[in-house]
$ cat protein08.cif   # mmCIF, N, CA and C atoms
data_target
loop_
_atom_site.label_atom_id
_atom_site.label_comp_id
_atom_site.auth_asym_id
_atom_site.auth_seq_id
_atom_site.Cartn_x
_atom_site.Cartn_y
_atom_site.Cartn_z
N MET N 1 168.53 26.29 33.36
CA MET N 1 168.38 25.31 32.30
C MET N 1 167.43 24.21 32.73
N ASN N 2 166.77 23.68 31.76
CA ASN N 2 165.80 22.62 32.00
C ASN N 2 166.50 21.26 32.04
N LEU N 3 165.93 20.32 32.77
CA LEU N 3 166.49 18.98 32.85
C LEU N 3 166.47 18.30 31.49
N GLY N 4 165.43 18.52 30.71
CA GLY N 4 165.34 17.92 29.38
C GLY N 4 166.45 18.41 28.46
N PHE N 5 166.80 19.69 28.58
CA PHE N 5 167.89 20.24 27.78
C PHE N 5 169.22 19.60 28.15
N LEU N 6 169.46 19.44 29.44
CA LEU N 6 170.72 18.83 29.88
C LEU N 6 170.81 17.36 29.45
N ILE N 7 169.69 16.65 29.51
CA ILE N 7 169.66 15.26 29.05
C ILE N 7 169.94 15.21 27.55
N GLY N 8 169.41 16.15 26.79
CA GLY N 8 169.66 16.20 25.35
C GLY N 8 171.12 16.48 25.03
N VAL N 9 171.74 17.38 25.77
CA VAL N 9 173.17 17.66 25.57
C VAL N 9 174.00 16.43 25.91
N LEU N 10 173.64 15.73 26.99
CA LEU N 10 174.34 14.51 27.35
C LEU N 10 174.18 13.45 26.26
N GLY N 11 172.99 13.34 25.69
CA GLY N 11 172.75 12.38 24.61
C GLY N 11 173.58 12.69 23.38
N VAL N 12 173.69 13.97 23.03
CA VAL N 12 174.50 14.36 21.87
C VAL N 12 175.98 14.08 22.13
N LEU N 13 176.42 14.34 23.35
CA LEU N 13 177.82 14.03 23.69
C LEU N 13 178.10 12.53 23.61
N ILE N 14 177.17 11.71 24.08
CA ILE N 14 177.36 10.26 24.01
C ILE N 14 177.37 9.81 22.55
N LEU N 15 176.49 10.36 21.71
CA LEU N 15 176.48 10.00 20.30
C LEU N 15 177.77 10.41 19.60
N SER N 16 178.29 11.59 19.92
CA SER N 16 179.53 12.02 19.30
C SER N 16 180.71 11.17 19.78
N HIS N 17 180.70 10.74 21.04
CA HIS N 17 181.76 9.85 21.53
C HIS N 17 181.68 8.50 20.84
N ALA N 18 180.47 8.00 20.58
CA ALA N 18 180.33 6.73 19.88
C ALA N 18 180.85 6.84 18.45
N ALA N 19 180.60 7.97 17.80
CA ALA N 19 181.13 8.17 16.44
C ALA N 19 182.64 8.24 16.45
N TYR N 20 183.21 8.94 17.42
CA TYR N 20 184.66 9.03 17.53
C TYR N 20 185.27 7.66 17.82
N SER N 21 184.63 6.88 18.67
CA SER N 21 185.13 5.54 18.99
C SER N 21 185.10 4.63 17.78
N THR N 22 184.06 4.75 16.96
CA THR N 22 183.98 3.94 15.74
C THR N 22 185.08 4.32 14.77
N ILE N 23 185.34 5.60 14.60
CA ILE N 23 186.41 6.05 13.71
C ILE N 23 187.76 5.56 14.22
N GLN N 24 187.96 5.65 15.51
CA GLN N 24 189.21 5.18 16.11
C GLN N 24 189.36 3.67 15.94
N TYR N 25 188.28 2.92 16.09
CA TYR N 25 188.31 1.47 15.93
C TYR N 25 188.64 1.09 14.49
N ARG N 26 188.05 1.81 13.52
CA ARG N 26 188.36 1.52 12.12
C ARG N 26 189.81 1.84 11.80
N GLY N 27 190.35 2.89 12.39
CA GLY N 27 191.77 3.20 12.20
C GLY N 27 192.65 2.11 12.76
N LEU N 28 192.28 1.56 13.92
CA LEU N 28 193.03 0.46 14.51
C LEU N 28 192.97 -0.78 13.63
N LEU N 29 191.81 -1.03 13.03
CA LEU N 29 191.69 -2.19 12.14
C LEU N 29 192.53 -2.01 10.88
N LYS N 30 192.66 -0.79 10.39
CA LYS N 30 193.50 -0.55 9.21
C LYS N 30 194.97 -0.81 9.54
N ILE N 31 195.38 -0.45 10.74
CA ILE N 31 196.77 -0.68 11.14
C ILE N 31 197.05 -2.18 11.25
N THR N 32 196.11 -2.91 11.85
CA THR N 32 196.31 -4.36 12.02
C THR N 32 195.89 -5.14 10.78
N GLU N 33 195.42 -4.46 9.74
CA GLU N 33 195.00 -5.06 8.46
C GLU N 33 193.92 -6.12 8.65
N GLU N 34 192.96 -5.83 9.49
CA GLU N 34 191.80 -6.69 9.67
C GLU N 34 190.61 -6.08 8.96
N GLU N 35 189.60 -6.89 8.69
CA GLU N 35 188.41 -6.42 7.99
C GLU N 35 187.39 -5.88 9.00
N PHE N 36 186.72 -4.79 8.62
CA PHE N 36 185.70 -4.18 9.48
C PHE N 36 184.39 -4.95 9.31
N SER N 37 183.91 -5.55 10.38
CA SER N 37 182.66 -6.29 10.31
C SER N 37 181.54 -5.60 11.08
N GLY N 38 181.86 -4.56 11.78
CA GLY N 38 180.87 -3.81 12.54
C GLY N 38 181.52 -3.20 13.76
N PRO N 39 180.84 -2.25 14.37
CA PRO N 39 181.41 -1.61 15.57
C PRO N 39 181.36 -2.56 16.77
N PRO N 40 182.20 -2.33 17.75
CA PRO N 40 182.16 -3.16 18.96
C PRO N 40 180.86 -2.97 19.73
N MET N 41 180.57 -3.90 20.63
CA MET N 41 179.31 -3.87 21.36
C MET N 41 179.21 -2.66 22.28
N ASN N 42 180.33 -2.17 22.83
CA ASN N 42 180.23 -1.00 23.70
C ASN N 42 179.83 0.24 22.91
N VAL N 43 180.23 0.31 21.63
CA VAL N 43 179.82 1.44 20.80
C VAL N 43 178.34 1.33 20.45
N VAL N 44 177.88 0.12 20.17
CA VAL N 44 176.45 -0.09 19.88
C VAL N 44 175.62 0.27 21.11
N LEU N 45 176.08 -0.10 22.28
CA LEU N 45 175.37 0.26 23.51
C LEU N 45 175.35 1.77 23.71
N GLU N 46 176.47 2.44 23.42
CA GLU N 46 176.51 3.90 23.51
C GLU N 46 175.52 4.53 22.54
N LEU N 47 175.43 3.99 21.33
CA LEU N 47 174.48 4.53 20.34
C LEU N 47 173.04 4.40 20.82
N ILE N 48 172.71 3.25 21.38
CA ILE N 48 171.34 3.03 21.86
C ILE N 48 171.01 3.97 23.02
N VAL N 49 171.94 4.10 23.96
CA VAL N 49 171.71 4.99 25.12
C VAL N 49 171.63 6.45 24.66
N GLY N 50 172.54 6.87 23.78
CA GLY N 50 172.52 8.24 23.28
C GLY N 50 171.26 8.55 22.50
N LEU N 51 170.80 7.59 21.69
CA LEU N 51 169.57 7.80 20.94
C LEU N 51 168.36 7.91 21.87
N ALA N 52 168.33 7.04 22.88
CA ALA N 52 167.22 7.09 23.83
C ALA N 52 167.20 8.41 24.59
N LEU N 53 168.37 8.89 25.01
CA LEU N 53 168.42 10.17 25.73
C LEU N 53 168.01 11.34 24.83
N CYS N 54 168.46 11.33 23.59
CA CYS N 54 168.08 12.41 22.67
C CYS N 54 166.59 12.39 22.36
N MET N 55 166.04 11.20 22.19
CA MET N 55 164.59 11.12 21.93
C MET N 55 163.79 11.58 23.13
N TRP N 56 164.21 11.19 24.33
CA TRP N 56 163.50 11.62 25.54
C TRP N 56 163.57 13.14 25.69
N ALA N 57 164.75 13.70 25.41
CA ALA N 57 164.90 15.15 25.53
C ALA N 57 164.07 15.88 24.48
N ALA N 58 164.00 15.33 23.28
CA ALA N 58 163.22 15.98 22.22
C ALA N 58 161.73 15.96 22.53
N LEU N 59 161.29 14.94 23.24
CA LEU N 59 159.87 14.86 23.57
C LEU N 59 159.50 15.66 24.81
N THR N 60 160.45 15.91 25.70
CA THR N 60 160.12 16.60 26.94
C THR N 60 160.57 18.05 26.99
N PHE N 61 161.57 18.43 26.22
CA PHE N 61 162.11 19.78 26.31
C PHE N 61 161.19 20.86 25.72
N PRO N 62 160.50 20.64 24.59
CA PRO N 62 159.65 21.72 24.07
C PRO N 62 158.56 22.09 25.06
N GLY N 63 158.05 23.29 24.90
CA GLY N 63 157.03 23.79 25.82
C GLY N 63 155.70 23.08 25.64
N LYS N 64 154.68 23.65 26.25
CA LYS N 64 153.37 23.01 26.18
C LYS N 64 152.77 23.18 24.79
N PHE N 65 151.93 22.25 24.43
CA PHE N 65 151.28 22.29 23.13
C PHE N 65 150.16 23.33 23.15
N LEU N 66 150.01 24.06 22.05
CA LEU N 66 148.96 25.04 21.93
C LEU N 66 147.82 24.47 21.11
N SER N 67 146.64 24.96 21.32
CA SER N 67 145.48 24.50 20.60
C SER N 67 145.53 24.97 19.16
N ILE N 68 145.05 24.13 18.24
CA ILE N 68 145.04 24.53 16.83
C ILE N 68 143.64 24.90 16.36
N HIS N 69 142.67 24.83 17.24
CA HIS N 69 141.31 25.19 16.86
C HIS N 69 141.19 26.71 16.72
N PRO N 70 140.59 27.19 15.62
CA PRO N 70 140.51 28.63 15.43
C PRO N 70 139.60 29.34 16.43
N ASP N 71 138.67 28.61 17.02
CA ASP N 71 137.73 29.24 17.95
C ASP N 71 138.23 29.16 19.40
N SER N 72 139.42 28.63 19.61
CA SER N 72 139.94 28.47 20.96
C SER N 72 140.31 29.83 21.55
N ASP N 73 140.18 29.95 22.85
CA ASP N 73 140.54 31.20 23.53
C ASP N 73 142.05 31.35 23.68
N GLU N 74 142.79 30.24 23.58
CA GLU N 74 144.22 30.29 23.82
C GLU N 74 145.01 30.92 22.67
N ASN N 75 144.52 30.82 21.45
CA ASN N 75 145.29 31.33 20.33
C ASN N 75 144.51 32.39 19.56
N ARG N 76 144.25 33.47 20.20
CA ARG N 76 143.55 34.57 19.55
C ARG N 76 144.45 35.36 18.61
N ALA N 77 145.76 35.22 18.72
CA ALA N 77 146.67 35.95 17.84
C ALA N 77 146.68 35.37 16.44
N VAL N 78 146.31 34.09 16.30
CA VAL N 78 146.31 33.44 14.99
C VAL N 78 144.94 33.63 14.37
N SER N 79 144.92 34.26 13.20
CA SER N 79 143.66 34.43 12.49
C SER N 79 143.95 34.50 11.00
N LEU N 80 142.93 34.30 10.21
CA LEU N 80 143.08 34.38 8.77
C LEU N 80 143.12 35.85 8.34
N PRO N 81 143.82 36.16 7.27
CA PRO N 81 143.88 37.55 6.83
C PRO N 81 142.51 38.03 6.34
N ASP N 82 142.22 39.29 6.62
CA ASP N 82 140.94 39.85 6.21
C ASP N 82 140.94 40.31 4.76
N ASN N 83 142.11 40.51 4.19
CA ASN N 83 142.16 40.97 2.82
C ASN N 83 142.25 39.77 1.87
N SER N 84 141.99 40.00 0.62
CA SER N 84 142.00 38.93 -0.37
C SER N 84 143.21 39.02 -1.29
N ASP N 85 144.33 39.52 -0.80
CA ASP N 85 145.52 39.63 -1.62
C ASP N 85 146.09 38.27 -2.03
N PHE N 86 145.94 37.29 -1.17
CA PHE N 86 146.53 35.99 -1.45
C PHE N 86 145.53 34.99 -2.03
N MET N 87 144.33 35.41 -2.30
CA MET N 87 143.34 34.53 -2.90
C MET N 87 143.44 34.64 -4.41
N ILE N 88 143.70 33.51 -5.07
CA ILE N 88 143.86 33.49 -6.52
C ILE N 88 142.76 32.63 -7.10
N PHE N 89 141.97 33.22 -8.00
CA PHE N 89 140.87 32.49 -8.62
C PHE N 89 141.16 32.17 -10.08
N ASN N 90 142.18 32.75 -10.66
CA ASN N 90 142.51 32.51 -12.05
C ASN N 90 143.71 31.55 -12.10
N HIS N 91 143.43 30.26 -11.96
CA HIS N 91 144.49 29.26 -11.98
C HIS N 91 144.07 28.11 -12.88
N ARG N 92 144.92 27.13 -13.09
CA ARG N 92 144.64 26.06 -14.04
C ARG N 92 143.60 25.07 -13.53
N GLY N 93 143.20 25.17 -12.29
CA GLY N 93 142.14 24.31 -11.78
C GLY N 93 140.79 24.60 -12.40
N ARG N 94 140.63 25.78 -13.00
CA ARG N 94 139.34 26.12 -13.63
C ARG N 94 139.12 25.35 -14.92
N LEU N 95 140.15 24.72 -15.48
CA LEU N 95 140.01 23.95 -16.71
C LEU N 95 139.29 22.63 -16.48
N PHE N 96 139.33 22.13 -15.29
CA PHE N 96 138.69 20.86 -14.99
C PHE N 96 137.23 21.09 -14.66
N PRO N 97 136.38 20.15 -15.04
CA PRO N 97 134.96 20.31 -14.68
C PRO N 97 134.79 20.27 -13.16
N PRO N 98 133.83 21.01 -12.64
CA PRO N 98 133.69 21.09 -11.19
C PRO N 98 133.31 19.77 -10.53
N GLU N 99 132.58 18.90 -11.23
CA GLU N 99 132.18 17.62 -10.63
C GLU N 99 132.79 16.49 -11.44
N ILE N 100 133.72 15.81 -10.85
CA ILE N 100 134.36 14.67 -11.49
C ILE N 100 133.96 13.42 -10.70
N ASP N 101 133.43 12.45 -11.39
CA ASP N 101 132.99 11.21 -10.73
C ASP N 101 134.12 10.20 -10.75
N MET N 102 135.19 10.51 -10.04
CA MET N 102 136.33 9.58 -9.95
C MET N 102 136.42 9.09 -8.53
N LYS N 103 136.71 7.80 -8.40
CA LYS N 103 136.89 7.22 -7.08
C LYS N 103 138.32 6.72 -6.98
N PHE N 104 138.98 7.11 -5.92
CA PHE N 104 140.38 6.70 -5.73
C PHE N 104 140.44 5.53 -4.80
#
$ encode --input "protein08.cif" --output "structure tokens"
Amino acid sequence: MNLGFLIGVLGVLILSHAAYSTIQYRGLLKITEEEFSGPPMNVVLELIVGLALCMWAALTFPGKFLSIHPDSDENRAVSLPDNSDFMIFNHRGRLFPPEIDMKF
């Protein structure tokens, strides 16, 4: 397993613990009949740490980026189809004049 994957799992566990702690805190407030004004600071800290770990894992765990240039040597498997089955020329765009002098 990769370190990024383990960090991501740890981040998800911390986020789920923070959610459980918030639910438990709200249940405690219902028993004591107090008003909920927000989660405690330790839960907010858990949320920030869990979010940071998940974001770091999401940015580091995926593999290397591949080139998107069609002329690149790295992605020779990606090419446009040679047949014209998916080319449609009879569509509603033909109703508009080819040159419209509109500026957006």
$ closest_residue --input "protein08.cif" --among "N:Tyr20, N:Tyr25, N:Trp56, N:Phe36" --to "Ile7 in chain N" --atoms "only N, CA and C atoms"
N:Trp56
$ resolve_selection --input "protein08.cif" --expression "the PyMOL selection byres ((chain N and resi 11) around 7)" --output "ChimeraX atom specification"
/N:6-10,12-16,49-54
$ axis_aligned_box --input "protein08.cif" --around "range 30-33 of chain N" --padding-each-side "8 Å" --output "lines of an AutoDock Vina configuration file"
center_x = 194.9
center_y = -3.3
center_z = 10.2
size_x = 20.4
size_y = 21.7
size_z = 19.6
$ atom_distance --input "protein08.cif" --atom1 "atom N of His17 in chain N" --atom2 "CA of Leu3 in chain N"
20.2 Å
$ closest_residue --input "protein08.cif" --among "N:Phe5, N:Gln24, N:Ile88, N:Ser37" --to "Ala57 in chain N" --atoms "only N, CA and C atoms"
N:Phe5
$ atom_distance --input "protein08.cif" --atom1 "atom C of Thr60 in chain N" --atom2 "atom C of Gly4 in chain N"
6.1 Å
$ atom_distance --input "protein08.cif" --atom1 "CA of Thr22 in chain N" --atom2 "CA of Val43 in chain N"
7.0 Å
$ closest_residue --input "protein08.cif" --among "N:Ser21, N:Phe89, N:Asn2, N:Phe96" --to "Leu47 in chain N" --atoms "only C-alpha atoms"
N:Ser21
